[in-house]
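With compact mmCIF, C-alpha atoms inside, this is target.txt:
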```txt
# COMPACT_ATOMS: atom_id res chain seq x y z
CA MET A 1 -25.54 10.75 8.57
CA LYS A 2 -24.83 7.34 7.00
CA VAL A 3 -21.38 6.26 8.05
CA TYR A 4 -19.41 3.29 6.73
CA VAL A 5 -16.55 2.13 8.96
CA VAL A 6 -13.79 0.05 7.37
CA TYR A 7 -11.70 -1.54 10.09
CA CYS A 8 -8.41 -3.32 9.49
CA HIS A 9 -6.24 -4.95 12.14
CA PRO A 10 -5.42 -8.65 12.66
CA SER A 11 -5.59 -8.53 16.46
CA ASP A 12 -8.74 -7.97 18.47
CA THR A 13 -6.68 -7.00 21.53
CA SER A 14 -4.80 -4.25 19.67
CA PHE A 15 -4.99 -0.54 20.39
CA THR A 16 -6.57 -0.16 16.95
CA ALA A 17 -9.39 -2.46 18.13
CA ALA A 18 -9.87 -0.17 21.14
CA VAL A 19 -9.99 2.81 18.77
CA ARG A 20 -12.65 1.03 16.72
CA ASP A 21 -14.79 0.39 19.80
CA ARG A 22 -14.65 4.03 20.87
CA ALA A 23 -15.24 5.26 17.33
CA LEU A 24 -18.30 3.03 17.01
CA ALA A 25 -19.63 4.14 20.39
CA GLY A 26 -19.32 7.77 19.30
CA LEU A 27 -20.78 7.18 15.86
CA ARG A 28 -23.74 5.04 16.99
CA SER A 29 -24.90 7.74 19.39
CA ALA A 30 -25.48 10.11 16.50
CA HIS A 31 -25.42 8.31 13.15
CA GLU A 32 -26.53 5.31 11.12
CA VAL A 33 -23.51 2.98 10.94
CA ARG A 34 -22.34 0.02 8.88
CA VAL A 35 -19.04 -1.75 9.59
CA SER A 36 -16.68 -3.98 7.62
CA ASP A 37 -13.96 -5.87 9.49
CA LEU A 38 -11.60 -7.03 6.75
CA TYR A 39 -9.68 -9.59 8.82
CA ALA A 40 -12.87 -11.04 10.33
CA ASP A 41 -14.26 -11.28 6.78
CA ASN A 42 -11.11 -13.15 5.73
CA PHE A 43 -10.90 -10.72 2.82
CA ARG A 44 -8.43 -11.69 0.08
CA PRO A 45 -6.29 -8.61 -0.62
CA GLU A 46 -4.49 -9.87 -3.75
CA LEU A 47 -6.16 -8.64 -6.94
CA SER A 48 -6.37 -11.76 -9.12
CA ALA A 49 -5.24 -12.20 -12.71
CA TRP A 50 -8.90 -12.50 -13.74
CA GLU A 51 -9.80 -9.28 -11.91
CA ARG A 52 -6.88 -7.48 -13.54
CA THR A 53 -7.87 -8.66 -17.03
CA ASN A 54 -11.53 -7.74 -16.37
CA HIS A 55 -10.90 -4.55 -14.44
CA LEU A 56 -13.38 -2.61 -16.55
CA SER A 57 -16.12 -5.28 -16.44
CA PRO A 58 -19.33 -4.43 -14.55
CA PRO A 59 -19.08 -5.19 -10.81
CA ASP A 60 -22.01 -7.67 -11.06
CA ALA A 61 -19.43 -10.18 -12.31
CA LYS A 62 -17.54 -9.81 -9.01
CA PRO A 63 -19.84 -11.18 -6.27
CA GLU A 64 -17.07 -11.19 -3.63
CA ILE A 65 -17.06 -7.40 -3.54
CA ALA A 66 -20.85 -6.86 -3.76
CA SER A 67 -21.52 -6.13 -0.07
CA TYR A 68 -18.60 -3.67 0.17
CA ALA A 69 -19.72 -1.93 -3.01
CA ASP A 70 -23.27 -1.65 -1.61
CA ASN A 71 -21.95 -0.01 1.54
CA LEU A 72 -19.85 2.47 -0.45
CA ARG A 73 -22.90 3.44 -2.53
CA TRP A 74 -25.07 3.72 0.59
CA CYS A 75 -22.85 5.88 2.77
CA GLU A 76 -22.13 9.61 3.03
CA THR A 77 -18.98 9.18 5.12
CA VAL A 78 -16.27 6.54 5.11
CA VAL A 79 -14.20 6.09 8.27
CA PHE A 80 -11.01 4.05 7.85
CA ILE A 81 -9.51 2.64 11.05
CA TYR A 82 -6.08 0.98 10.69
CA PRO A 83 -2.44 1.04 11.86
CA THR A 84 0.00 2.77 9.48
CA TRP A 85 2.66 0.27 8.37
CA TRP A 86 5.50 1.22 6.03
CA ALA A 87 4.06 4.70 5.58
CA GLY A 88 0.69 3.48 4.35
CA GLN A 89 -2.40 1.31 4.69
CA PRO A 90 -1.81 -2.34 5.66
CA ALA A 91 -1.74 -4.62 2.60
CA MET A 92 -5.13 -5.98 3.65
CA LEU A 93 -6.69 -2.51 3.33
CA LYS A 94 -4.72 -1.55 0.21
CA GLY A 95 -6.00 -4.76 -1.37
CA TRP A 96 -9.54 -3.86 -0.40
CA ILE A 97 -9.09 -0.55 -2.23
CA ASP A 98 -7.50 -2.32 -5.24
CA ARG A 99 -10.37 -4.83 -5.48
CA VAL A 100 -13.45 -2.83 -4.38
CA TRP A 101 -12.87 0.70 -5.72
CA VAL A 102 -13.24 -0.59 -9.28
CA ALA A 103 -15.02 0.49 -12.45
CA GLY A 104 -18.78 0.56 -11.91
CA VAL A 105 -18.34 1.18 -8.19
CA ALA A 106 -15.92 4.06 -7.69
CA TYR A 107 -15.63 5.37 -11.25
CA GLU A 108 -16.67 4.83 -14.82
CA LEU A 109 -14.78 5.17 -18.04
CA PRO A 110 -17.39 6.06 -20.66
CA GLU A 111 -16.86 4.94 -24.24
CA GLY A 112 -14.45 7.31 -25.95
CA ALA A 113 -13.57 9.23 -22.78
CA ASN A 114 -9.95 9.51 -21.76
CA ARG A 115 -10.59 10.37 -18.11
CA ILE A 116 -12.41 8.43 -15.46
CA ARG A 117 -15.61 9.89 -13.95
CA PRO A 118 -16.28 9.63 -10.22
CA LEU A 119 -19.27 7.53 -9.11
CA LEU A 120 -19.18 7.93 -5.31
CA GLN A 121 -20.57 11.44 -5.31
CA ASP A 122 -22.76 10.87 -2.23
CA ILE A 123 -19.63 10.55 -0.10
CA ARG A 124 -18.87 13.94 1.43
CA ARG A 125 -16.51 12.98 4.24
CA LEU A 126 -13.45 10.70 4.30
CA VAL A 127 -12.06 10.12 7.78
CA VAL A 128 -8.91 8.24 8.75
CA ILE A 129 -8.13 7.16 12.30
CA THR A 130 -4.67 5.66 12.45
CA THR A 131 -1.58 5.04 14.57
CA HIS A 132 2.05 5.52 13.54
CA GLY A 133 5.08 3.77 15.02
CA SER A 134 7.22 6.71 13.99
CA SER A 135 7.07 10.42 14.75
CA LYS A 136 5.30 13.09 12.73
CA LEU A 137 8.72 14.25 11.50
CA ILE A 138 9.68 10.82 10.13
CA ASN A 139 6.26 10.58 8.50
CA CYS A 140 6.87 13.90 6.74
CA LEU A 141 10.28 12.69 5.54
CA GLU A 142 8.66 9.52 4.23
CA GLY A 143 6.15 11.54 2.27
CA GLU A 144 2.94 10.50 4.08
CA GLY A 145 1.89 8.15 1.28
CA GLY A 146 -1.02 6.62 3.18
CA LYS A 147 -2.51 10.05 3.85
CA ARG A 148 -2.28 11.14 0.24
CA ILE A 149 -3.91 7.97 -1.10
CA VAL A 150 -7.03 8.97 0.86
CA THR A 151 -6.93 12.77 0.58
CA ARG A 152 -6.11 12.73 -3.13
CA SER A 153 -6.55 9.41 -4.98
CA LEU A 154 -9.77 8.37 -3.23
CA ARG A 155 -11.17 11.84 -2.63
CA VAL A 156 -11.42 12.64 -6.36
CA LEU A 157 -13.87 9.73 -6.71
CA CYS A 158 -16.24 11.24 -4.12
CA SER A 159 -18.32 14.43 -3.98
CA LYS A 160 -16.56 17.46 -5.44
CA THR A 161 -16.81 19.15 -2.06
CA ALA A 162 -15.79 16.09 -0.05
CA ARG A 163 -13.70 16.94 3.00
CA THR A 164 -11.10 14.75 4.68
CA LYS A 165 -10.21 14.39 8.34
CA TRP A 166 -7.04 12.80 9.72
CA ILE A 167 -6.91 11.65 13.34
CA ALA A 168 -3.49 10.15 14.13
CA LEU A 169 -1.49 9.05 17.11
CA TYR A 170 2.24 9.29 16.31
CA SER A 171 5.18 7.44 17.97
CA ILE A 172 2.73 5.01 19.52
CA ASP A 173 5.37 2.73 21.08
CA ALA A 174 6.63 5.66 23.14
CA THR A 175 3.26 7.08 24.21
CA SER A 176 2.03 7.01 27.78
CA ASP A 177 -1.24 5.43 28.84
CA ALA A 178 -2.58 8.91 29.47
CA LYS A 179 -1.85 9.97 25.89
CA ARG A 180 -3.50 6.83 24.55
CA ALA A 181 -6.56 7.46 26.67
CA ALA A 182 -6.65 11.07 25.45
CA HIS A 183 -6.50 9.81 21.87
CA LEU A 184 -9.46 7.50 22.48
CA ASP A 185 -11.46 10.39 23.95
CA ARG A 186 -10.57 12.52 20.95
CA VAL A 187 -11.79 9.76 18.61
CA ASP A 188 -15.06 9.37 20.49
CA LYS A 189 -15.70 13.11 20.45
CA ALA A 190 -14.78 13.55 16.79
CA MET A 191 -17.13 10.72 15.77
CA ARG A 192 -19.97 12.07 17.89
CA SER A 193 -19.69 15.52 16.34
CA LEU A 194 -19.10 14.33 12.77
CA ARG A 195 -21.11 16.40 10.32
CA MET B 1 26.51 -7.38 -7.33
CA GLN B 2 23.78 -9.53 -5.85
CA VAL B 3 20.47 -8.16 -7.09
CA VAL B 4 16.98 -9.11 -5.90
CA VAL B 5 14.17 -8.24 -8.33
CA VAL B 6 10.74 -8.13 -6.69
CA LEU B 7 7.92 -8.46 -9.23
CA ALA B 8 4.25 -7.84 -8.40
CA HIS B 9 1.77 -8.43 -11.23
CA PRO B 10 -0.93 -11.12 -11.32
CA ASN B 11 -0.75 -11.81 -15.08
CA SER B 12 2.27 -13.83 -16.21
CA ASP B 13 2.02 -12.25 -19.69
CA SER B 14 1.89 -8.70 -18.29
CA PHE B 15 4.07 -5.81 -19.37
CA SER B 16 5.53 -5.82 -15.85
CA HIS B 17 6.76 -9.36 -16.50
CA ALA B 18 8.35 -8.19 -19.75
CA ILE B 19 10.05 -5.40 -17.76
CA ALA B 20 11.37 -7.88 -15.18
CA ASP B 21 12.71 -10.13 -17.96
CA ARG B 22 14.56 -7.30 -19.66
CA ALA B 23 15.83 -5.92 -16.34
CA SER B 24 17.20 -9.37 -15.46
CA ALA B 25 18.78 -9.71 -18.91
CA GLY B 26 20.51 -6.35 -18.49
CA LEU B 27 21.70 -7.19 -14.99
CA ARG B 28 23.01 -10.64 -15.97
CA GLY B 29 24.66 -9.13 -19.06
CA ALA B 30 26.64 -6.87 -16.76
CA GLY B 31 27.78 -9.84 -14.65
CA HIS B 32 25.41 -9.41 -11.71
CA GLU B 33 23.77 -12.30 -9.87
CA VAL B 34 19.99 -11.96 -10.14
CA GLN B 35 17.22 -13.49 -8.09
CA VAL B 36 13.67 -12.75 -9.27
CA LEU B 37 10.84 -12.99 -6.74
CA ASP B 38 7.60 -13.21 -8.73
CA LEU B 39 5.24 -12.70 -5.78
CA TYR B 40 2.03 -13.87 -7.46
CA ALA B 41 3.70 -16.94 -9.01
CA LEU B 42 5.15 -17.82 -5.59
CA GLY B 43 1.71 -17.54 -4.01
CA PHE B 44 3.02 -14.97 -1.56
CA ARG B 45 0.37 -14.09 1.03
CA ALA B 46 -0.09 -10.30 1.21
CA ALA B 47 -1.83 -9.87 4.54
CA MET B 48 0.04 -9.92 7.82
CA SER B 49 -1.84 -12.60 9.79
CA LEU B 50 -2.56 -12.61 13.50
CA ASP B 51 0.25 -15.17 13.97
CA ASP B 52 2.65 -12.95 12.00
CA HIS B 53 1.62 -10.00 14.12
CA VAL B 54 2.19 -11.82 17.41
CA ALA B 55 5.59 -13.13 16.21
CA TYR B 56 6.60 -9.64 15.02
CA HIS B 57 7.19 -8.56 18.60
CA GLY B 58 9.06 -11.75 19.60
CA ASP B 59 12.57 -13.11 19.04
CA HIS B 60 11.77 -14.86 15.76
CA PRO B 61 9.47 -12.65 13.70
CA ALA B 62 9.74 -14.66 10.43
CA ILE B 63 7.49 -17.67 11.05
CA ASP B 64 6.67 -18.31 7.37
CA PRO B 65 9.57 -20.14 5.61
CA MET B 66 9.04 -18.10 2.42
CA VAL B 67 9.27 -14.88 4.41
CA ALA B 68 12.48 -16.09 6.10
CA ASP B 69 13.98 -17.02 2.70
CA HIS B 70 13.15 -13.62 1.25
CA GLY B 71 14.56 -11.89 4.32
CA ALA B 72 17.86 -13.78 3.89
CA LEU B 73 17.99 -12.79 0.21
CA VAL B 74 17.40 -9.14 1.09
CA LEU B 75 20.20 -9.22 3.68
CA GLY B 76 22.58 -10.62 1.06
CA ALA B 77 21.61 -8.12 -1.63
CA ASP B 78 23.59 -5.15 -2.91
CA ALA B 79 20.63 -3.85 -4.89
CA LEU B 80 16.84 -4.18 -4.72
CA VAL B 81 14.80 -3.70 -7.90
CA PHE B 82 11.01 -3.36 -7.64
CA VAL B 83 8.81 -3.93 -10.70
CA TYR B 84 5.08 -3.27 -10.33
CA PRO B 85 2.05 -1.50 -11.80
CA THR B 86 1.00 1.58 -9.80
CA TRP B 87 -2.59 1.12 -8.54
CA TRP B 88 -4.32 3.91 -6.67
CA SER B 89 -1.09 5.91 -6.69
CA SER B 90 0.66 3.20 -4.73
CA LEU B 91 1.97 -0.35 -4.48
CA PRO B 92 -0.26 -3.34 -5.30
CA ALA B 93 -1.35 -4.95 -2.02
CA ILE B 94 0.88 -7.98 -2.58
CA LEU B 95 3.98 -5.77 -2.72
CA LYS B 96 2.86 -3.64 0.21
CA GLY B 97 2.37 -6.89 2.14
CA TRP B 98 5.81 -8.11 1.10
CA LEU B 99 7.31 -5.02 2.77
CA GLU B 100 5.24 -5.58 5.91
CA ARG B 101 6.02 -9.29 6.22
CA VAL B 102 9.65 -9.47 4.97
CA MET B 103 11.05 -6.13 6.13
CA LEU B 104 10.91 -7.25 9.76
CA PRO B 105 12.87 -6.23 12.84
CA GLY B 106 16.26 -7.91 12.36
CA VAL B 107 16.02 -7.49 8.58
CA ALA B 108 15.08 -3.93 7.65
CA PHE B 109 15.91 -2.37 10.99
CA VAL B 110 17.35 -3.19 14.38
CA PHE B 111 16.86 -1.70 17.81
CA ASN B 112 19.97 -0.26 19.46
CA ASP B 113 20.71 -0.40 23.21
CA ASN B 114 18.49 2.60 23.83
CA GLY B 115 15.59 1.00 22.00
CA LYS B 116 15.93 3.37 19.04
CA VAL B 117 15.31 2.11 15.50
CA ARG B 118 18.47 1.86 13.39
CA PRO B 119 18.82 0.89 9.70
CA GLY B 120 19.26 -2.82 9.05
CA LEU B 121 19.76 -2.69 5.28
CA THR B 122 23.23 -1.14 5.22
CA ASN B 123 24.19 -3.84 2.66
CA VAL B 124 21.76 -2.38 0.10
CA ARG B 125 23.56 0.22 -2.01
CA ARG B 126 20.93 0.71 -4.70
CA ILE B 127 17.13 0.82 -4.73
CA VAL B 128 15.53 0.86 -8.17
CA GLY B 129 11.84 1.19 -8.92
CA ILE B 130 10.30 0.44 -12.31
CA SER B 131 6.57 1.09 -12.55
CA THR B 132 3.78 1.50 -15.05
CA TYR B 133 1.05 4.11 -14.58
CA GLY B 134 -2.43 4.45 -16.04
CA SER B 135 -2.22 8.22 -15.56
CA PRO B 136 -0.01 10.69 -17.38
CA ARG B 137 3.05 11.95 -15.54
CA SER B 138 1.55 15.36 -14.70
CA TYR B 139 -1.44 13.72 -12.98
CA VAL B 140 0.82 11.33 -11.08
CA ARG B 141 2.72 14.39 -9.79
CA LEU B 142 -0.50 16.12 -8.77
CA ILE B 143 -2.00 13.12 -6.97
CA ASN B 144 1.41 12.11 -5.56
CA ASP B 145 3.42 9.00 -6.35
CA ASN B 146 2.95 7.24 -3.03
CA GLY B 147 4.41 3.91 -4.15
CA ARG B 148 7.59 5.65 -5.22
CA ARG B 149 7.78 7.51 -1.91
CA THR B 150 7.31 4.32 0.07
CA LEU B 151 10.32 2.75 -1.64
CA THR B 152 12.63 5.74 -2.16
CA ARG B 153 11.93 7.34 1.22
CA ALA B 154 10.39 4.98 3.80
CA LEU B 155 12.45 1.94 2.73
CA ARG B 156 15.47 4.11 1.84
CA LEU B 157 15.60 5.38 5.45
CA ASN B 158 16.48 1.82 6.50
CA THR B 159 19.53 1.56 4.23
CA GLY B 160 22.97 3.16 4.47
CA LEU B 161 23.38 6.92 4.08
CA ARG B 162 25.04 6.57 0.68
CA THR B 163 22.40 4.34 -0.87
CA ARG B 164 21.19 5.75 -4.17
CA THR B 165 17.72 5.40 -5.63
CA SER B 166 16.61 5.50 -9.27
CA TRP B 167 13.21 5.45 -10.86
CA LEU B 168 11.91 4.44 -14.29
CA GLY B 169 8.25 5.04 -15.08
CA LEU B 170 6.08 4.36 -18.11
CA TYR B 171 3.20 6.82 -17.78
CA ALA B 172 -0.24 6.77 -19.48
CA ILE B 173 0.45 3.15 -20.42
CA ASP B 174 -3.01 2.55 -21.93
CA SER B 175 -2.29 5.05 -24.69
CA ALA B 176 1.38 4.10 -25.14
CA THR B 177 2.22 2.90 -28.65
CA PRO B 178 4.06 -0.41 -29.23
CA THR B 179 7.13 1.65 -30.11
CA GLN B 180 6.97 3.57 -26.82
CA ARG B 181 6.61 0.30 -24.94
CA SER B 182 9.54 -1.31 -26.67
CA GLU B 183 11.67 1.82 -26.19
CA PHE B 184 10.86 1.70 -22.50
CA LEU B 185 11.99 -1.94 -22.31
CA ASP B 186 15.25 -0.98 -24.05
CA ARG B 187 15.72 1.81 -21.52
CA VAL B 188 15.14 -0.64 -18.66
CA GLU B 189 17.71 -3.10 -20.00
CA GLN B 190 20.27 -0.37 -20.62
CA LYS B 191 19.78 1.14 -17.17
CA MET B 192 20.18 -2.24 -15.50
CA ARG B 193 23.28 -3.01 -17.55
CA SER B 194 24.94 0.14 -16.27
CA LEU B 195 23.81 -0.18 -12.64
```
Here is the file; what I need is its structure written in the form of structure tokens.
Amino acid sequence: MKVYVVYCHPSDTSFTAAVRDRALAGLRSAHEVRVSDLYADNFRPELSAWERTNHLSPPDAKPEIASYADNLRWCETVVFIYPTWWAGQPAMLKGWIDRVWVAGVAYELPEGANRIRPLLQDIRRLVVITTHGSSKLINCLEGEGGKRIVTRSLRVLCSKTARTKWIALYSIDATSDAKRAAHLDRVDKAMRSLR
Amino acid sequence: MQVVVVLAHPNSDSFSHAIADRASAGLRGAGHEVQVLDLYALGFRAAMSLDDHVAYHGDHPAIDPMVADHGALVLGADALVFVYPTWWSSLPAILKGWLERVMLPGVAFVFNDNGKVRPGLTNVRRIVGISTYGSPRSYVRLINDNGRRTLTRALRLNTGLRTRTSWLGLYAIDSATPTQRSEFLDRVEQKMRSL
């Protein structure tokens, strides 16, 4: 399977970086993989005034997003790896969604239509691997916004039968080394057996 | 009351800017002190940098002077008003990043003697969100309003128990008539006047 990994964490010594390494090890043993590292790319997350005004223009006019758009069109699975902050994706990753999942890449709005049409129909799996500072209970109280952006907002732009997978480590500041190691093993195994 | 209005739209002639103007007019008309933070105009940086991330866990998390200023404003505020367009069912990256970088330990929350997280925003008595949506209200409900949940649940959990939240949304904005838009602005001003 063609798998596109979108990784987002500022620190290369973070637990999320360790998760990325294990995920990539698992994926590369069984799949064709492309990776984007948003911090290493120095990606600009703020959608500009020009981009807002031209949000329905063809993506050819937006060279900064071309390589990401190519990867989205190429892949059958997207794996997001990031820490959950304030109940959602880090601003860096939210900005990547704001700027890359645009008209001509993720959807089209045909002349006269009042609903957008999905364009990423080759994508049949969306996977999130994340960590939470807070417990599962607090996340439920907060409404799990980050999860729903992926399982609902992004999923409707993919294949009609696209499935989502959520691999999370909750209350990370209170977890033991053994639990962290078990999480890494789980990530490796899940990526190896991804279908 | 001291009110901080946080505005997140890249275009200075946007409808969100018109909303912020009318909200401020209503608030000032009722005798409140208003501070507007126009994040794009201020050049606020959305992404938490590696330096920010390292400092986050130290004694002085706010290393950017703008972030420290905004943190002080938040700690002196009785009400927080957020004005933004909903993108991908959530906050624009610049506003998500504002939460990550300004709502730091010592501002939004504190650790008690047992290392448990406790609310830091007990001064904030009101949280108001005013957002525009491309989708109709029914679709926003179906997909989930993750931006709203982030502010009225995740952020709300860091305020006092009696803090109230209110929400004003203009849905399906692309098909809204000039009359509907101007009625919405009137509603915003009226609501802010009676806060």
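When all atoms listed in the file are used to measure the gap to chain B, the shortest distance among A:Asp173, A:Glu111, A:Asp122, A:Glu76 belongs to A:Asp173.
When all atoms listed in the file are used to compute distances to Asn42 (chain A), the closest of the residues B:Val67, B:Val36, B:Leu50, B:Val188 turns out to be B:Leu50.
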**OP:** Could you tell me how far CA of Pro59 (chain A) lies from CA of Thr132 (chain B), in Å and to one decimal?
**Re:**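 So the two atoms, CA of Pro59 (chain A) and CA of Thr132 (chain B), lie 24.2 Å apart.
The point (0.4, 7.0, -14.4) has these residues within 10 Å of it when only C-alpha atoms are used: Pro85, Thr86, Trp87, Trp88, Ser89, Ser131, Thr132, Tyr133, Gly134, Ser135, Pro136, Arg137, Ser138, Tyr139, Val140, Arg141, Ile143, Asp145, Gly169, Leu170, Tyr171, Ala172, Ile173 and Asp174 of chain B.
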Original post:
What is the distance between CA of Val81 (chain B) and CA of His17 (chain B), in Å to one decimal?
Top reply: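 Value for the CA of Val81 (chain B)-CA of His17 (chain B) distance: 13.1 Å.
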Original post:
What is the CA of Arg148 (chain B) to CA of Glu144 (chain A) distance in Å?
Top reply: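 Distance reported for this atom pair: 11.5 Å.
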Taking only residues of chain B that have an atom at most 10 Å from an atom of chain A, what is each one's shortest atom pair and its distance in Å to one decimal, using all atoms listed in the file, in chain and number order, as CSV?
```
residue,atom,partner,partner_atom,distance
B:His9,CA,A:Ala49,CA,8.1
B:Pro10,CA,A:Ala49,CA,4.7
B:Asn11,CA,A:Ala49,CA,5.1
B:Ser12,CA,A:Ala49,CA,8.4
B:Ser14,CA,A:Ala49,CA,9.7
B:Tyr40,CA,A:Glu46,CA,8.5
B:Gly43,CA,A:Glu46,CA,9.9
B:Phe44,CA,A:Glu46,CA,9.3
B:Arg45,CA,A:Glu46,CA,8.0
B:Ala46,CA,A:Ala91,CA,6.1
B:Ala47,CA,A:Met92,CA,5.2
B:Met48,CA,A:Pro10,CA,7.4
B:Ser49,CA,A:Pro10,CA,6.1
B:Leu50,CA,A:Pro10,CA,5.0
B:Asp51,CA,A:Pro10,CA,8.7
B:Asp52,CA,A:Pro10,CA,9.2
B:His53,CA,A:Pro10,CA,7.3
B:Val54,CA,A:Ser11,CA,8.5
B:Trp87,CA,A:Asp98,CA,6.8
B:Trp88,CA,A:Ser153,CA,6.2
B:Ser89,CA,A:Ile149,CA,6.6
B:Ser90,CA,A:Ile149,CA,7.5
B:Leu91,CA,A:Lys94,CA,8.3
B:Pro92,CA,A:Gly95,CA,7.1
B:Ala93,CA,A:Ala91,CA,4.6
B:Ile94,CA,A:Glu46,CA,5.8
B:Leu95,CA,A:Ala91,CA,7.9
B:Lys96,CA,A:Ala91,CA,5.3
B:Gly97,CA,A:Ala91,CA,4.7
B:Trp98,CA,A:Ala91,CA,8.5
B:Leu99,CA,A:Trp86,CA,7.3
B:Glu100,CA,A:Trp86,CA,6.8
B:Arg101,CA,A:Ala91,CA,9.8
B:Met103,CA,A:Trp86,CA,9.2
B:Val117,CA,A:Ser134,CA,9.4
B:Ser135,CA,A:Arg115,CA,9.0
B:Val140,CA,A:Ser153,CA,9.8
B:Leu142,CA,A:Arg152,CA,8.6
B:Ile143,CA,A:Arg152,CA,5.6
B:Asn144,CA,A:Arg148,CA,6.9
B:Asp145,CA,A:Gly145,CA,7.8
B:Asn146,CA,A:Gly145,CA,4.5
B:Gly147,CA,A:Gly145,CA,7.3
B:Arg148,CA,A:Gly145,CA,9.0
B:Arg149,CA,A:Gly143,CA,6.0
B:Thr150,CA,A:Ala87,CA,6.4
B:Leu151,CA,A:Glu142,CA,9.1
B:Thr152,CA,A:Glu142,CA,8.4
B:Arg153,CA,A:Glu142,CA,5.0
B:Ala154,CA,A:Glu142,CA,4.9
B:Leu155,CA,A:Trp86,CA,7.7
B:Arg156,CA,A:Glu142,CA,9.0
B:Leu157,CA,A:Glu142,CA,8.2
B:Asp174,CA,A:Asn114,CA,9.8
B:Ser175,CA,A:Asn114,CA,9.3
```
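Residues with at least one atom no more than 7 Å from (-17.1, 2.3, 8.7), using all atoms listed in the file, are A:Val3, A:Tyr4, A:Val5, A:Val6, A:Tyr7, A:Val33, A:Arg34, A:Val35, A:Ser36, A:Val78, A:Val79, A:Phe80.
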Write out as a PDB file with C-alpha atoms, in the frame of the given file which residues come within 10 Å of Ala62 (chain B) when counting only C-alpha atoms, dropping same-chain ones fewer than 5 positions away.
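Output contents, as saved in out16.pdb:
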```pdb
ATOM      1  CA  ASP B  52       2.650 -12.950  12.000  1.00  0.00           C
ATOM      2  CA  ALA B  55       5.590 -13.130  16.210  1.00  0.00           C
ATOM      3  CA  TYR B  56       6.600  -9.640  15.020  1.00  0.00           C
ATOM      4  CA  VAL B  67       9.270 -14.880   4.410  1.00  0.00           C
ATOM      5  CA  ALA B  68      12.480 -16.090   6.100  1.00  0.00           C
ATOM      6  CA  ASP B  69      13.980 -17.020   2.700  1.00  0.00           C
ATOM      7  CA  HIS B  70      13.150 -13.620   1.250  1.00  0.00           C
ATOM      8  CA  GLY B  71      14.560 -11.890   4.320  1.00  0.00           C
ATOM      9  CA  ARG B 101       6.020  -9.290   6.220  1.00  0.00           C
ATOM     10  CA  VAL B 102       9.650  -9.470   4.970  1.00  0.00           C
ATOM     11  CA  MET B 103      11.050  -6.130   6.130  1.00  0.00           C
ATOM     12  CA  LEU B 104      10.910  -7.250   9.760  1.00  0.00           C
ATOM     13  CA  PRO B 105      12.870  -6.230  12.840  1.00  0.00           C
ATOM     14  CA  GLY B 106      16.260  -7.910  12.360  1.00  0.00           C
ATOM     15  CA  VAL B 107      16.020  -7.490   8.580  1.00  0.00           C
TER      16      VAL B 107
END
```
Could you build a table of the residues in region 19-96 of chain A lying no more than 12 Å from region 180-191 of chain A, giving for each the nearest pair of atoms and their separation in Å rounded to one decimal place, using all atoms listed in the file, ordered by chain and ascending residue number, as a tab-separated table?
```
residue	atom	partner	partner_atom	distance
A:Val19	CA	A:Leu184	CA	6.0
A:Arg20	CA	A:Val187	CA	9.0
A:Asp21	CA	A:Asp188	CA	9.0
A:Arg22	CA	A:Asp188	CA	5.4
A:Ala23	CA	A:Asp188	CA	5.2
A:Leu24	CA	A:Met191	CA	7.9
A:Ala25	CA	A:Asp188	CA	6.9
A:Gly26	CA	A:Asp188	CA	4.7
A:Leu27	CA	A:Met191	CA	5.1
A:Arg28	CA	A:Met191	CA	8.8
A:Ser29	CA	A:Met191	CA	9.1
A:Ala30	CA	A:Met191	CA	8.4
A:His31	CA	A:Met191	CA	9.0
A:Glu32	CA	A:Met191	CA	11.8
A:Val33	CA	A:Met191	CA	11.1
A:Thr77	CA	A:Met191	CA	10.9
A:Val78	CA	A:Met191	CA	11.5
A:Val79	CA	A:Met191	CA	9.3
A:Ile81	CA	A:Val187	CA	10.6
```
Subject >> Selected residue, from B:Val83, B:Ala176, B:Val5, B:Leu161, that lies nearest to His32 (chain B) when counting only C-alpha atoms >> reply: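 Nearest candidate to His32 (chain B) out of B:Val83, B:Ala176, B:Val5, B:Leu161: B:Val5.
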